[in-house]
$ cat run.txt   # compact mmCIF, C-alpha atoms and all ligand atoms
# COMPACT_ATOMS: atom_id res chain seq x y z
CA MET A 239 139.55 -189.31 -197.27
CA ALA A 240 136.34 -188.84 -195.36
CA GLN A 241 135.23 -192.01 -197.20
CA PRO A 242 137.44 -194.88 -196.02
CA GLU A 243 136.23 -197.38 -198.65
CA LYS A 244 137.11 -194.99 -201.45
CA PHE A 245 140.54 -194.33 -200.00
CA ASP A 246 141.14 -198.05 -199.58
CA ARG A 247 140.25 -198.66 -203.22
CA PHE A 248 142.61 -195.87 -204.25
CA ALA A 249 145.43 -197.18 -202.01
CA LYS A 250 145.07 -200.73 -203.39
CA ARG A 251 145.38 -199.46 -206.93
CA VAL A 252 148.27 -197.07 -206.27
CA LEU A 253 150.29 -199.41 -204.08
CA ALA A 254 149.41 -202.61 -205.98
CA ASN A 255 151.58 -205.42 -204.57
CA GLN A 256 153.22 -203.00 -202.10
CA TYR A 257 149.86 -202.63 -200.35
CA SER A 258 149.80 -203.26 -196.60
CA GLU A 259 148.12 -201.59 -193.66
CA LYS A 260 151.36 -199.73 -192.95
CA SER A 261 151.99 -198.55 -196.52
CA ALA A 262 148.34 -197.48 -196.84
CA ALA A 263 148.64 -195.42 -193.64
CA GLU A 264 151.81 -193.76 -195.00
CA LEU A 265 150.05 -193.00 -198.26
CA LYS A 266 147.20 -191.43 -196.32
CA THR A 267 149.60 -189.11 -194.49
CA GLN A 268 151.28 -188.14 -197.76
CA LEU A 269 147.94 -187.50 -199.39
CA SER A 270 146.73 -185.28 -196.55
CA GLN A 271 149.97 -183.29 -196.65
CA TYR A 272 149.59 -182.88 -200.38
CA ALA A 273 145.95 -181.78 -200.00
CA ILE A 274 147.01 -179.14 -197.45
CA ALA A 275 149.80 -177.94 -199.76
CA MET A 276 147.39 -177.71 -202.72
CA THR A 277 144.76 -175.81 -200.70
CA ASP A 278 147.49 -173.45 -199.58
CA TRP A 279 148.72 -173.08 -203.18
CA ALA A 280 145.22 -172.29 -204.46
CA ALA A 281 144.60 -169.66 -201.76
CA ARG A 282 147.97 -167.99 -202.31
CA ASN A 283 147.70 -167.91 -206.07
CA ARG A 284 144.11 -166.80 -206.37
CA SER A 285 144.19 -163.84 -208.71
CA ALA A 286 142.28 -160.73 -207.67
CA ASN A 287 141.85 -160.25 -211.38
CA PRO A 288 140.28 -163.42 -212.78
CA THR A 289 140.02 -163.36 -216.54
CA GLY A 290 138.69 -166.79 -217.31
CA PRO A 291 139.73 -169.19 -220.06
CA GLY A 292 142.64 -168.31 -222.33
CA CYS A 293 144.50 -166.18 -219.79
CA PHE A 294 146.63 -167.11 -216.78
CA ASP A 295 149.37 -165.43 -214.76
CA ALA A 296 151.79 -168.33 -215.04
CA LEU A 297 154.86 -166.17 -214.47
CA ASN A 298 153.95 -164.70 -211.09
CA THR A 299 152.53 -168.04 -209.93
CA LEU A 300 155.82 -169.66 -210.87
CA MET A 301 157.78 -166.92 -209.11
CA ASN A 302 155.83 -167.66 -205.94
CA ALA A 303 157.04 -171.25 -206.21
CA THR A 304 160.69 -170.39 -206.89
CA ASN A 305 161.22 -167.26 -204.79
CA ALA A 306 159.03 -168.13 -201.81
CA THR A 307 158.17 -171.84 -201.52
CA SER A 308 161.53 -173.31 -202.52
CA ALA A 309 163.45 -171.12 -200.10
CA GLY A 310 160.83 -171.26 -197.33
CA ASN A 311 160.42 -167.48 -197.52
CA LYS A 312 156.79 -166.38 -197.10
CA ASP A 313 157.74 -162.69 -197.56
CA ASN A 314 158.24 -163.37 -201.25
CA TYR A 315 154.69 -164.41 -202.10
CA ARG A 316 152.72 -161.95 -204.24
CA VAL A 317 149.18 -162.20 -205.59
CA PRO A 318 149.43 -163.15 -209.28
CA ASN A 319 147.51 -160.35 -210.93
CA MET A 320 148.96 -160.19 -214.44
CA PRO A 321 147.12 -162.83 -216.45
CA VAL A 322 148.44 -163.19 -219.97
CA SER A 323 147.16 -164.90 -223.09
CA TYR A 324 148.53 -168.41 -223.74
CA PRO A 325 150.92 -168.03 -226.64
CA ALA A 326 151.19 -170.56 -229.47
CA ILE A 327 153.21 -173.66 -228.58
CA TRP A 328 154.49 -174.40 -232.12
CA LEU A 329 157.92 -172.97 -232.98
CA THR A 330 158.66 -172.03 -229.36
CA GLN A 331 161.46 -174.61 -229.20
CA GLN A 332 163.15 -173.00 -232.15
CA GLU A 333 162.64 -169.39 -231.07
CA ASP A 334 165.33 -167.22 -229.57
CA ARG A 335 163.29 -166.07 -226.57
CA VAL A 336 160.10 -167.10 -224.82
CA LEU A 337 157.65 -165.38 -222.43
CA TRP A 338 155.82 -162.24 -223.49
CA ASN A 339 158.71 -160.09 -222.31
CA GLY A 340 161.30 -162.44 -223.81
CA ALA A 341 162.83 -163.03 -220.36
CA VAL A 342 163.86 -166.65 -220.99
CA HIS A 343 166.34 -167.73 -223.63
CA ASN A 344 167.45 -171.09 -222.27
CA MET A 345 165.01 -173.86 -223.17
CA ALA A 346 166.08 -176.25 -220.40
CA MET A 347 165.29 -173.48 -217.92
CA ARG A 348 161.94 -172.98 -219.56
CA ARG A 349 161.07 -176.65 -219.20
CA VAL A 350 162.05 -176.76 -215.53
CA GLY A 351 160.05 -173.56 -214.98
CA GLU A 352 156.99 -175.14 -216.54
CA VAL A 353 157.24 -178.19 -214.30
CA ILE A 354 157.68 -176.06 -211.17
CA GLY A 355 154.75 -173.91 -212.28
CA VAL A 356 152.45 -176.92 -212.32
CA PHE A 357 153.31 -178.51 -209.00
CA GLY A 358 156.82 -179.82 -209.53
CA ARG A 359 158.67 -179.31 -206.27
CA THR A 360 161.93 -177.51 -205.59
CA LYS A 361 163.99 -176.96 -202.51
CA VAL A 362 167.01 -174.89 -201.57
CA THR A 363 169.01 -175.89 -198.50
CA PRO A 364 172.03 -174.09 -197.04
CA VAL A 365 175.09 -176.37 -197.02
CA ALA A 366 178.69 -175.87 -195.88
CA ASN A 367 179.95 -174.44 -199.17
CA GLY A 368 176.85 -172.52 -200.28
CA LEU A 369 173.42 -173.78 -201.32
CA LYS A 370 171.98 -177.07 -202.50
CA PHE A 371 169.32 -176.87 -205.22
CA GLU A 372 166.87 -179.73 -205.74
CA THR A 373 164.02 -180.17 -208.19
CA THR A 374 161.59 -182.96 -209.00
CA ALA A 375 161.70 -181.98 -212.71
CA ASP A 376 162.86 -184.99 -214.74
CA LEU A 377 165.15 -183.32 -217.24
CA LYS A 378 165.81 -186.48 -219.24
CA GLU A 379 162.13 -187.13 -219.91
CA LEU A 380 161.52 -183.44 -220.55
CA ASP A 381 164.27 -183.48 -223.15
CA LYS A 382 162.58 -186.37 -224.96
CA MET A 383 159.15 -184.80 -224.70
CA TYR A 384 160.26 -181.47 -226.06
CA ASP A 385 162.09 -183.15 -228.91
CA THR A 386 158.70 -184.23 -230.21
CA LEU A 387 157.56 -180.62 -230.08
CA MET A 388 160.10 -179.80 -232.81
CA ASP A 389 157.78 -181.57 -235.26
CA LEU A 390 154.69 -179.58 -234.34
CA GLN A 391 153.67 -177.45 -237.31
CA PRO A 392 151.54 -174.28 -237.14
CA PRO A 393 147.93 -175.28 -237.91
CA LYS A 394 146.52 -174.45 -241.34
CA TRP A 395 143.26 -172.52 -241.68
CA PRO A 396 140.70 -175.32 -242.17
CA GLU A 397 139.08 -174.23 -245.44
CA SER A 398 136.70 -177.20 -245.44
CA ILE A 399 135.23 -176.17 -242.08
CA PHE A 400 135.41 -172.39 -242.29
CA ALA A 401 135.19 -170.43 -245.55
CA ALA A 402 137.73 -171.01 -248.33
CA ILE A 403 140.50 -168.43 -248.50
CA ASP A 404 140.07 -165.78 -251.20
CA ARG A 405 143.54 -166.02 -252.80
CA ALA A 406 143.40 -162.73 -254.71
CA LYS A 407 142.36 -160.88 -251.58
CA ALA A 408 145.08 -162.61 -249.52
CA ASP A 409 147.71 -161.62 -252.14
CA LYS A 410 146.59 -158.02 -251.80
CA GLY A 411 146.86 -158.43 -248.01
CA ALA A 412 150.43 -159.73 -248.37
CA LYS A 413 151.36 -156.43 -250.06
CA ILE A 414 149.72 -154.46 -247.25
CA PHE A 415 151.68 -156.59 -244.71
CA GLU A 416 154.88 -155.39 -246.42
CA ARG A 417 153.72 -151.79 -246.87
CA GLU A 418 152.67 -151.44 -243.21
CA SER A 419 156.10 -152.75 -242.06
CA CYS A 420 154.58 -155.74 -240.25
CA ALA A 421 157.52 -157.83 -241.49
CA LYS A 422 159.95 -155.47 -239.76
CA CYS A 423 158.94 -157.07 -236.45
CA HIS A 424 157.09 -160.32 -237.30
CA SER A 425 158.30 -163.12 -239.49
CA ASN A 426 155.43 -164.87 -241.22
CA ARG A 427 156.46 -168.17 -242.79
CA PRO A 428 159.64 -170.22 -243.42
CA PRO A 429 162.48 -169.50 -243.81
CA TYR A 430 162.21 -167.52 -240.60
CA PRO A 431 164.91 -164.91 -239.96
CA GLN A 432 167.62 -166.35 -237.75
CA THR A 433 169.78 -164.94 -234.96
CA GLU A 434 173.57 -164.76 -235.39
CA PRO A 435 175.30 -168.08 -234.52
CA ASN A 436 175.90 -168.29 -230.72
CA ILE A 437 178.98 -169.73 -228.98
CA TYR A 438 177.85 -173.23 -229.97
CA GLY A 439 177.37 -172.14 -233.59
CA LYS A 440 173.58 -172.51 -233.32
CA GLN A 441 170.96 -170.13 -234.69
CA PHE A 442 167.37 -169.63 -233.58
CA ILE A 443 164.26 -167.99 -234.97
CA LYS A 444 164.66 -164.31 -234.28
CA VAL A 445 161.87 -162.73 -232.26
CA THR A 446 161.80 -158.94 -232.13
CA LEU A 447 161.83 -157.37 -228.69
CA VAL A 448 160.08 -154.00 -228.80
CA PRO A 449 160.22 -151.48 -225.90
CA PHE A 450 156.73 -151.33 -224.37
CA GLN A 451 156.58 -147.58 -224.92
CA GLU A 452 157.08 -148.12 -228.65
CA VAL A 453 154.43 -150.81 -229.13
CA GLY A 454 152.14 -148.86 -226.75
CA THR A 455 150.30 -151.86 -225.31
CA ASP A 456 149.52 -152.16 -221.58
CA PRO A 457 152.87 -151.82 -219.75
CA THR A 458 151.77 -153.38 -216.44
CA TYR A 459 153.02 -156.92 -217.07
CA ALA A 460 156.51 -155.93 -218.23
CA VAL A 461 156.91 -153.23 -215.57
CA TYR A 462 155.70 -155.46 -212.73
CA PHE A 463 158.22 -158.15 -213.68
CA VAL A 464 161.00 -155.63 -213.21
CA GLU A 465 159.57 -153.95 -210.10
CA ARG A 466 158.54 -157.02 -208.08
CA THR A 467 161.03 -157.47 -205.23
CA ALA A 468 162.11 -160.39 -203.08
CA SER A 469 163.99 -160.70 -199.82
CA THR A 470 167.09 -162.86 -200.06
CA GLY A 471 166.78 -164.78 -196.76
CA ILE A 472 168.70 -168.04 -197.00
CA LEU A 473 169.37 -167.34 -200.70
CA ALA A 474 171.93 -164.60 -199.93
CA PRO A 475 174.92 -166.81 -200.94
CA MET A 476 173.45 -167.12 -204.45
CA PHE A 477 174.16 -163.43 -205.05
CA LYS A 478 177.84 -163.60 -204.10
CA GLY A 479 179.98 -161.85 -206.73
CA SER A 480 176.93 -160.16 -208.30
CA ALA A 481 175.76 -156.55 -208.11
CA TYR A 482 173.41 -157.70 -205.31
CA GLU A 483 176.01 -159.16 -202.95
CA GLY A 484 175.10 -158.32 -199.34
CA LYS A 485 171.65 -156.91 -200.23
CA SER A 486 168.63 -158.07 -198.23
CA ASP A 487 166.16 -157.18 -201.02
CA VAL A 488 166.71 -157.88 -204.71
CA PRO A 489 164.59 -157.74 -207.88
CA ALA A 490 162.34 -160.81 -207.86
CA ALA A 491 163.10 -161.34 -211.56
CA VAL A 492 166.83 -161.68 -210.87
CA MET A 493 166.16 -164.16 -208.06
CA PHE A 494 163.77 -166.10 -210.29
CA LEU A 495 166.18 -166.35 -213.23
CA GLY A 496 169.06 -167.22 -210.88
CA LEU A 497 167.06 -169.94 -209.14
CA LEU A 498 165.76 -171.39 -212.36
CA ALA A 499 169.33 -171.58 -213.73
CA ASN A 500 170.50 -173.33 -210.54
CA PHE A 501 167.60 -175.82 -210.44
CA THR A 502 168.22 -176.61 -214.10
CA MET A 503 171.96 -177.09 -213.71
CA SER A 504 171.62 -179.25 -210.58
CA GLY A 505 168.96 -181.36 -212.31
CA LEU A 506 171.20 -181.81 -215.34
CA GLN A 507 174.35 -182.56 -213.32
CA GLU A 508 172.52 -185.38 -211.56
CA LEU A 509 172.26 -187.13 -214.91
CA LYS A 510 176.08 -187.03 -215.11
CA PRO A 511 176.11 -185.95 -218.76
CA THR A 512 179.23 -185.72 -220.90
CA PRO A 513 180.08 -182.09 -221.83
CA ASP A 514 178.46 -182.64 -225.25
CA GLU A 515 175.32 -184.13 -223.75
CA LEU A 516 175.09 -181.21 -221.33
CA VAL A 517 175.25 -178.67 -224.15
CA SER A 518 172.64 -180.63 -226.07
CA MET A 519 170.28 -180.78 -223.07
CA LEU A 520 170.68 -177.04 -222.65
CA GLY A 521 169.31 -176.79 -226.19
CA HIS A 522 172.70 -175.35 -227.27
CA ARG A 523 171.78 -172.22 -225.39
CA GLU A 524 173.79 -170.20 -222.93
CA MET A 525 172.86 -169.97 -219.25
CA PRO A 526 172.16 -166.49 -217.96
CA THR A 527 174.47 -165.12 -215.27
CA LEU A 528 173.54 -162.61 -212.57
CA PRO A 529 174.44 -158.99 -213.40
CA LYS A 530 177.82 -158.14 -211.92
CA ASN A 531 177.61 -154.34 -211.75
CA ASP A 532 175.25 -151.39 -212.21
CA THR A 533 175.82 -151.28 -215.97
CA GLU A 534 174.78 -154.92 -216.33
CA VAL A 535 171.79 -154.31 -214.03
CA ASN A 536 170.63 -151.43 -216.23
CA GLU A 537 171.10 -153.51 -219.38
CA LEU A 538 169.05 -156.35 -217.89
CA VAL A 539 166.23 -154.02 -216.82
CA LYS A 540 166.15 -152.41 -220.26
CA SER A 541 166.08 -155.81 -221.94
CA LEU A 542 163.01 -156.80 -219.90
CA LEU A 543 160.87 -153.71 -220.48
CA VAL A 544 159.78 -155.03 -223.85
CA TYR A 545 157.14 -157.14 -225.53
CA ARG A 546 157.94 -159.95 -227.89
CA ALA A 547 156.89 -159.89 -231.54
CA ALA A 548 156.90 -163.55 -232.53
CA PRO A 549 156.38 -165.21 -235.95
CA LEU A 550 152.72 -164.99 -236.98
CA ALA A 551 152.53 -168.56 -238.33
CA GLY A 552 149.24 -170.13 -237.18
CA ILE A 553 148.19 -166.83 -235.59
CA TRP A 554 144.56 -167.36 -236.65
CA ALA A 555 144.26 -170.12 -234.04
CA THR A 556 145.56 -168.24 -230.98
CA ALA A 557 142.91 -165.70 -229.89
CA PRO A 558 142.65 -163.68 -227.70
CA TYR A 559 145.45 -161.40 -228.85
CA LEU A 560 148.24 -159.29 -227.35
CA HIS A 561 150.16 -160.38 -224.25
CA ASN A 562 147.21 -159.61 -221.96
CA GLY A 563 144.57 -161.17 -224.22
CA SER A 564 142.77 -157.83 -224.38
CA ILE A 565 141.78 -158.12 -228.04
CA ALA A 566 139.24 -160.75 -228.96
CA SER A 567 139.96 -161.20 -232.67
CA LEU A 568 142.40 -160.44 -235.46
CA HIS A 569 139.71 -158.20 -236.92
CA ASP A 570 139.63 -156.09 -233.75
CA LEU A 571 143.41 -155.82 -233.65
CA ARG A 572 143.31 -153.98 -236.97
CA LEU A 573 140.82 -151.41 -235.64
CA PRO A 574 141.85 -148.16 -233.94
CA PRO A 575 141.68 -148.70 -230.12
CA GLU A 576 138.50 -146.65 -229.68
CA LYS A 577 136.70 -149.08 -232.00
CA ARG A 578 138.00 -152.27 -230.33
CA ALA A 579 135.56 -154.07 -227.99
CA LYS A 580 135.83 -152.66 -224.44
CA THR A 581 134.37 -155.76 -222.83
CA PHE A 582 133.81 -159.24 -224.22
CA GLN A 583 133.26 -162.79 -223.02
CA THR A 584 136.13 -165.29 -223.08
CA GLY A 585 135.54 -169.01 -222.91
CA ASN A 586 133.00 -169.35 -225.71
CA ARG A 587 134.22 -172.40 -227.65
CA GLN A 588 132.61 -171.44 -230.96
CA PHE A 589 134.99 -169.97 -233.51
CA ASP A 590 134.11 -166.83 -235.43
CA PRO A 591 135.74 -167.26 -238.87
CA ALA A 592 134.68 -163.78 -240.02
CA ARG A 593 136.48 -161.89 -237.24
CA VAL A 594 139.09 -164.65 -236.68
CA GLY A 595 138.84 -165.35 -232.98
CA TYR A 596 136.40 -167.03 -230.62
CA GLN A 597 132.83 -165.79 -230.46
CA THR A 598 132.43 -163.26 -227.69
CA ALA A 599 128.78 -163.83 -226.76
CA PRO A 600 128.14 -165.27 -223.26
CA ALA A 601 128.31 -169.08 -223.15
CA GLU A 602 128.49 -171.71 -220.45
CA GLY A 603 131.65 -171.13 -218.39
CA SER A 604 132.53 -167.86 -220.10
CA THR A 605 133.87 -164.85 -218.20
CA LYS A 606 133.66 -161.15 -218.88
CA PHE A 607 136.94 -159.56 -219.91
CA ASP A 608 136.97 -155.86 -219.06
CA THR A 609 139.64 -153.72 -220.72
CA SER A 610 139.22 -150.95 -218.11
CA VAL A 611 140.74 -153.18 -215.38
CA PRO A 612 144.38 -152.26 -214.63
CA GLY A 613 146.72 -154.45 -216.69
CA GLN A 614 143.98 -155.32 -219.20
CA SER A 615 144.01 -152.28 -221.47
CA ASN A 616 143.54 -152.94 -225.18
CA ALA A 617 145.53 -149.85 -226.22
CA GLY A 618 148.53 -149.72 -228.53
CA HIS A 619 149.86 -151.76 -231.45
CA LEU A 620 148.50 -149.19 -233.87
CA TYR A 621 150.29 -150.76 -236.83
CA GLY A 622 147.96 -151.27 -239.75
CA THR A 623 145.01 -149.51 -238.09
CA LYS A 624 144.97 -146.48 -240.39
CA ILE A 625 143.96 -148.32 -243.54
CA THR A 626 140.72 -148.56 -245.47
CA ASP A 627 138.10 -151.20 -244.67
CA ASP A 628 138.93 -153.05 -247.89
CA GLU A 629 142.61 -153.11 -247.04
CA ARG A 630 141.79 -154.27 -243.53
CA ALA A 631 139.76 -157.17 -244.93
CA ALA A 632 142.61 -158.09 -247.31
CA LEU A 633 145.17 -158.05 -244.50
CA LEU A 634 142.91 -160.30 -242.41
CA GLU A 635 142.58 -162.69 -245.35
CA TYR A 636 146.37 -162.82 -245.63
CA LEU A 637 146.85 -163.46 -241.87
CA LYS A 638 144.55 -166.47 -242.24
CA THR A 639 147.02 -168.03 -244.70
CA LEU A 640 149.97 -167.94 -242.25
C1 LIG B 1 157.62 -152.24 -234.31
C2 LIG B 1 157.31 -153.66 -234.29
C3 LIG B 1 155.97 -154.13 -234.77
C4 LIG B 1 155.33 -153.87 -235.98
C5 LIG B 1 155.80 -152.94 -237.09
C6 LIG B 1 154.13 -154.68 -235.98
N1 LIG B 1 154.04 -155.41 -234.82
FE1 LIG B 1 152.61 -156.76 -234.36
N2 LIG B 1 153.36 -156.92 -232.52
C7 LIG B 1 154.52 -156.33 -232.05
C8 LIG B 1 154.68 -156.63 -230.65
C9 LIG B 1 155.83 -156.18 -229.77
C10 LIG B 1 153.58 -157.41 -230.28
C11 LIG B 1 153.25 -157.94 -228.89
C12 LIG B 1 152.58 -156.78 -228.14
C13 LIG B 1 151.93 -157.19 -226.86
O1 LIG B 1 151.63 -158.36 -226.70
O2 LIG B 1 151.66 -156.32 -226.01
C14 LIG B 1 152.78 -157.59 -231.48
C15 LIG B 1 151.60 -158.35 -231.54
C16 LIG B 1 150.96 -158.66 -232.73
C17 LIG B 1 149.89 -159.62 -232.86
C18 LIG B 1 149.32 -160.43 -231.72
C19 LIG B 1 150.19 -161.60 -231.44
C20 LIG B 1 149.62 -162.52 -230.40
O3 LIG B 1 150.12 -163.64 -230.31
O4 LIG B 1 148.70 -162.16 -229.68
C21 LIG B 1 149.54 -159.67 -234.18
C22 LIG B 1 148.49 -160.56 -234.80
C23 LIG B 1 150.36 -158.72 -234.87
N3 LIG B 1 151.23 -158.14 -233.96
C24 LIG B 1 150.28 -158.44 -236.21
C25 LIG B 1 150.90 -157.36 -236.83
C26 LIG B 1 150.61 -156.88 -238.15
C27 LIG B 1 149.60 -157.49 -239.09
C28 LIG B 1 151.40 -155.80 -238.36
C29 LIG B 1 151.40 -154.86 -239.52
C30 LIG B 1 150.15 -154.21 -239.82
C31 LIG B 1 152.23 -155.64 -237.17
N4 LIG B 1 151.88 -156.59 -236.25
C32 LIG B 1 153.22 -154.71 -237.02
C33 LIG B 1 155.39 -155.58 -232.79
C34 LIG B 1 155.12 -155.09 -234.06
$ encode --input "run.txt" --output "structure tokens"
Amino acid sequence: MAQPEKFDRFAKRVLANQYSEKSAAELKTQLSQYAIAMTDWAARNRSANPTGPGCFDALNTLMNATNATSAGNKDNYRVPNMPVSYPAIWLTQQEDRVLWNGAVHNMAMRRVGEVIGVFGRTKVTPVANGLKFETTADLKELDKMYDTLMDLQPPKWPESIFAAIDRAKADKGAKIFERESCAKCHSNRPPYPQTEPNIYGKQFIKVTLVPFQEVGTDPTYAVYFVERTASTGILAPMFKGSAYEGKSDVPAAVMFLGLLANFTMSGLQELKPTPDELVSMLGHREMPTLPKNDTEVNELVKSLLVYRAAPLAGIWATAPYLHNGSIASLHDLRLPPEKRAKTFQTGNRQFDPARVGYQTAPAEGSTKFDTSVPGQSNAGHLYGTKITDDERAALLEYLKTL
């Protein structure tokens, strides 16, 4: 905006036949407010723990938007310091739970969360009979957009670009996959194991939630989600009838899930759907409710101190691995932790078909990932690490076929 001619060109294009001196001046004010808000956003959400491409702390950034910005409560901002690896996008619509700790089951909530996370706006205002929840998320369009995601298939290993798959070796790997109980937690290809029918008679792809102590990977992300707190401020009425009624501080996760549910429902109600349409837009999934007593609080906490074992379809294409992206390749994941790379570069765009992951040599725009930084440990998930080198190679060959 320091360059008036540029702004004028922009305003003429944006406003088209609405362009006038007055409307251009209004646009300028809006744009400056937006620029201030974005600068503020960037400063607030700057991670002290930058990990570069492939990893981002979307959850804590989103919780800053819901728990602090939407309720005008600056006390609830926290520095997002738990970057996680981007999970695969295919099959997520059909899965029972999303997020690395499986915290979200309702897909409409997930969509609204994603919009808020990338600059959608939300607002909570106290009104006579409680609170008013507003969101700029367009639930109708989101519904259409996510419908198309149902057709997205896991990518196939491109044999013509990388090496052809050695079928005999992969068959041997399939047996090792069974022998090492991988299938106990991960489904591999259709038909995927399904959950029991829910109240709408619908079933979803079952993901296995494993207590973090059992899988042994870095606990920081799951534990922080449960321990982060938030002050209720104007949101106090939202907790009426729950175990947190009258409390000035509550778990940030409970506030986040409660707010997301309310933003989603208010967004959907605005569309005035019939009961059937509403259920369909909720993806035939139930809405979470706030825990009503200590027993429900304990159950919720326990359910969140887990990591999600998802189907491994297309897993070859999703490096780096584990929730915190601390393992560069599928080859490294099969090694005992002391043999896994302690530091590596992320952001190299060249694929390494032998190790199945991106190359880890420095490249333009790459960043060093250091597994000694808190939250970035590459420990745990020891399944299939005590096998011979030949077996390891066979298992890797099999994982390429998924
Ligand atoms: C007891 C359950 C369990 C067993 C058995 C198990 N896994 Fe996992 N697996 C998990 C969990 C939980 C995670 C996520 C851990 C995390 O992100 O911290 C995971 C993560 C993975 C990942 C990384 C996923 C990603 O998107 O980054 C791969 C690949 C994988 N497992 C393959 C295997 C293979 C191969 C075997 C057998 C040798 C196996 N797993 C056995 C529970 C299990």
$ closest_atom_pairs --input "run.txt" --of "range 358-434 of chain A" --to "range 593-605 of chain A" --cutoff "12 Å" --atoms "all atoms listed in the file" --output "CSV"
residue,atom,partner,partner_atom,distance
A:Trp395,CA,A:Val594,CA,10.2
A:Phe400,CA,A:Val594,CA,10.2
A:Ala401,CA,A:Val594,CA,11.3
$ atom_distance --input "run.txt" --atom1 "atom C13 of ligand LIG 1 (chain B)" --atom2 "CA of Lys440 in chain A"
27.3 Å
$ residues_around --input "run.txt" --residues "Lys361 in chain A" --least-positions-apart "6" --cutoff "10 Å" --atoms "only C-alpha atoms" --output "list in words"
Ala303, Thr304, Thr307, Ser308, Ala309, Gly310, Lys370, Phe371, Glu372, Thr373, Thr374 and Phe501 of chain A
$ residues_near_ligand --input "run.txt" --ligand "ligand LIG 1 (chain B)" --cutoff "6 Å" --atoms "all atoms listed in the file" --output "NGL selection string"
:A and (325 or 415 or 418-420 or 422-423 or 448 or 453 or 455 or 545-547 or 559-561 or 621-622)
$ write_last_selection --input "run.txt" --atoms "C-alpha atoms" --output "CSV table (one decimal), in the coordinates of the input"
chain,number,residue,atom,x,y,z
A,325,PRO,CA,150.9,-168.0,-226.6
A,415,PHE,CA,151.7,-156.6,-244.7
A,418,GLU,CA,152.7,-151.4,-243.2
A,419,SER,CA,156.1,-152.8,-242.1
A,420,CYS,CA,154.6,-155.7,-240.2
A,422,LYS,CA,160.0,-155.5,-239.8
A,423,CYS,CA,158.9,-157.1,-236.4
A,448,VAL,CA,160.1,-154.0,-228.8
A,453,VAL,CA,154.4,-150.8,-229.1
A,455,THR,CA,150.3,-151.9,-225.3
A,545,TYR,CA,157.1,-157.1,-225.5
A,546,ARG,CA,157.9,-160.0,-227.9
A,547,ALA,CA,156.9,-159.9,-231.5
A,559,TYR,CA,145.4,-161.4,-228.8
A,560,LEU,CA,148.2,-159.3,-227.4
A,561,HIS,CA,150.2,-160.4,-224.2
A,621,TYR,CA,150.3,-150.8,-236.8
A,622,GLY,CA,148.0,-151.3,-239.8
$ atom_distance --input "run.txt" --atom1 "CA of Glu333 in chain A" --atom2 "CA of Ala346 in chain A"
13.1 Å
$ closest_residue --input "run.txt" --among "A:Gly439, A:Pro475, A:Pro396, A:Pro574" --to "Asn367 in chain A" --atoms "all atoms listed in the file"
A:Pro475
$ closest_residue --input "run.txt" --among "A:Thr267, A:Asn344, A:Ser541, A:Asn500" --to "Leu473 in chain A" --atoms "all atoms listed in the file"
A:Asn500
$ atom_distance --input "run.txt" --atom1 "CA of Leu520 in chain A" --atom2 "CA of Glu508 in chain A"
14.0 Å
$ residues_around --input "run.txt" --residues "Phe607 in chain A" --least-positions-apart "6" --cutoff "9 Å" --atoms "only C-alpha atoms" --output "mmCIF file with C-alpha atoms, in the coordinates of the input"
data_model
loop_
_atom_site.group_PDB
_atom_site.id
_atom_site.type_symbol
_atom_site.label_atom_id
_atom_site.label_comp_id
_atom_site.auth_asym_id
_atom_site.auth_seq_id
_atom_site.Cartn_x
_atom_site.Cartn_y
_atom_site.Cartn_z
ATOM 1 C CA PRO A 288 140.280 -163.420 -212.780
ATOM 2 C CA THR A 289 140.020 -163.360 -216.540
ATOM 3 C CA GLY A 290 138.690 -166.790 -217.310
ATOM 4 C CA GLY A 563 144.570 -161.170 -224.220
ATOM 5 C CA SER A 564 142.770 -157.830 -224.380
ATOM 6 C CA LYS A 580 135.830 -152.660 -224.440
ATOM 7 C CA THR A 581 134.370 -155.760 -222.830
ATOM 8 C CA PHE A 582 133.810 -159.240 -224.220
ATOM 9 C CA GLN A 583 133.260 -162.790 -223.020
ATOM 10 C CA THR A 584 136.130 -165.290 -223.080
ATOM 11 C CA GLN A 614 143.980 -155.320 -219.200
#
$ closest_residue --input "run.txt" --among "A:Leu573, A:Val544, A:Ala281, A:Asn305" --to "Thr458 in chain A" --atoms "only C-alpha atoms"
A:Val544
$ closest_residue --input "run.txt" --among "A:Ala286, A:Leu497, A:Val535, A:Leu390" --to "Val464 in chain A" --atoms "only C-alpha atoms"
A:Val535
$ closest_residue --input "run.txt" --among "A:Ser480, A:Ser323, A:Asn616, A:Thr527" --to "Asp570 in chain A" --atoms "all atoms listed in the file"
A:Asn616
$ axis_aligned_box --input "run.txt" --around "range 546-562 of chain A" --padding-each-side "8 Å" --output "AutoDock Vina command-line options"
--center_x 150.3 --center_y -164.7 --center_z -230.1 --size_x 31.3 --size_y 26.8 --size_z 32.4
$ residues_around --input "run.txt" --residues "Asp456 in chain A" --least-positions-apart "5" --cutoff "12 Å" --atoms "all atoms listed in the file" --output "ChimeraX atom specification"
/A:320,322,449-451,461-462,543-545,560-565,609-619
$ residues_around --input "run.txt" --residues "Ser285 in chain A" --least-positions-apart "4" --cutoff "8 Å" --atoms "all atoms listed in the file" --output "JSON, numbers by chain"
{"A": [317, 318, 319]}
$ residues_around --input "run.txt" --residues "range 485-492 of chain A" --least-positions-apart "3" --cutoff "6 Å" --atoms "only C-alpha atoms" --output "VMD selection string"
chain A and resid 466 to 470 482 495 to 496
$ closest_residue --input "run.txt" --among "A:Leu329, A:Tyr636, A:Asp385, A:Ile354" --to "Pro428 in chain A" --atoms "only C-alpha atoms"
A:Leu329
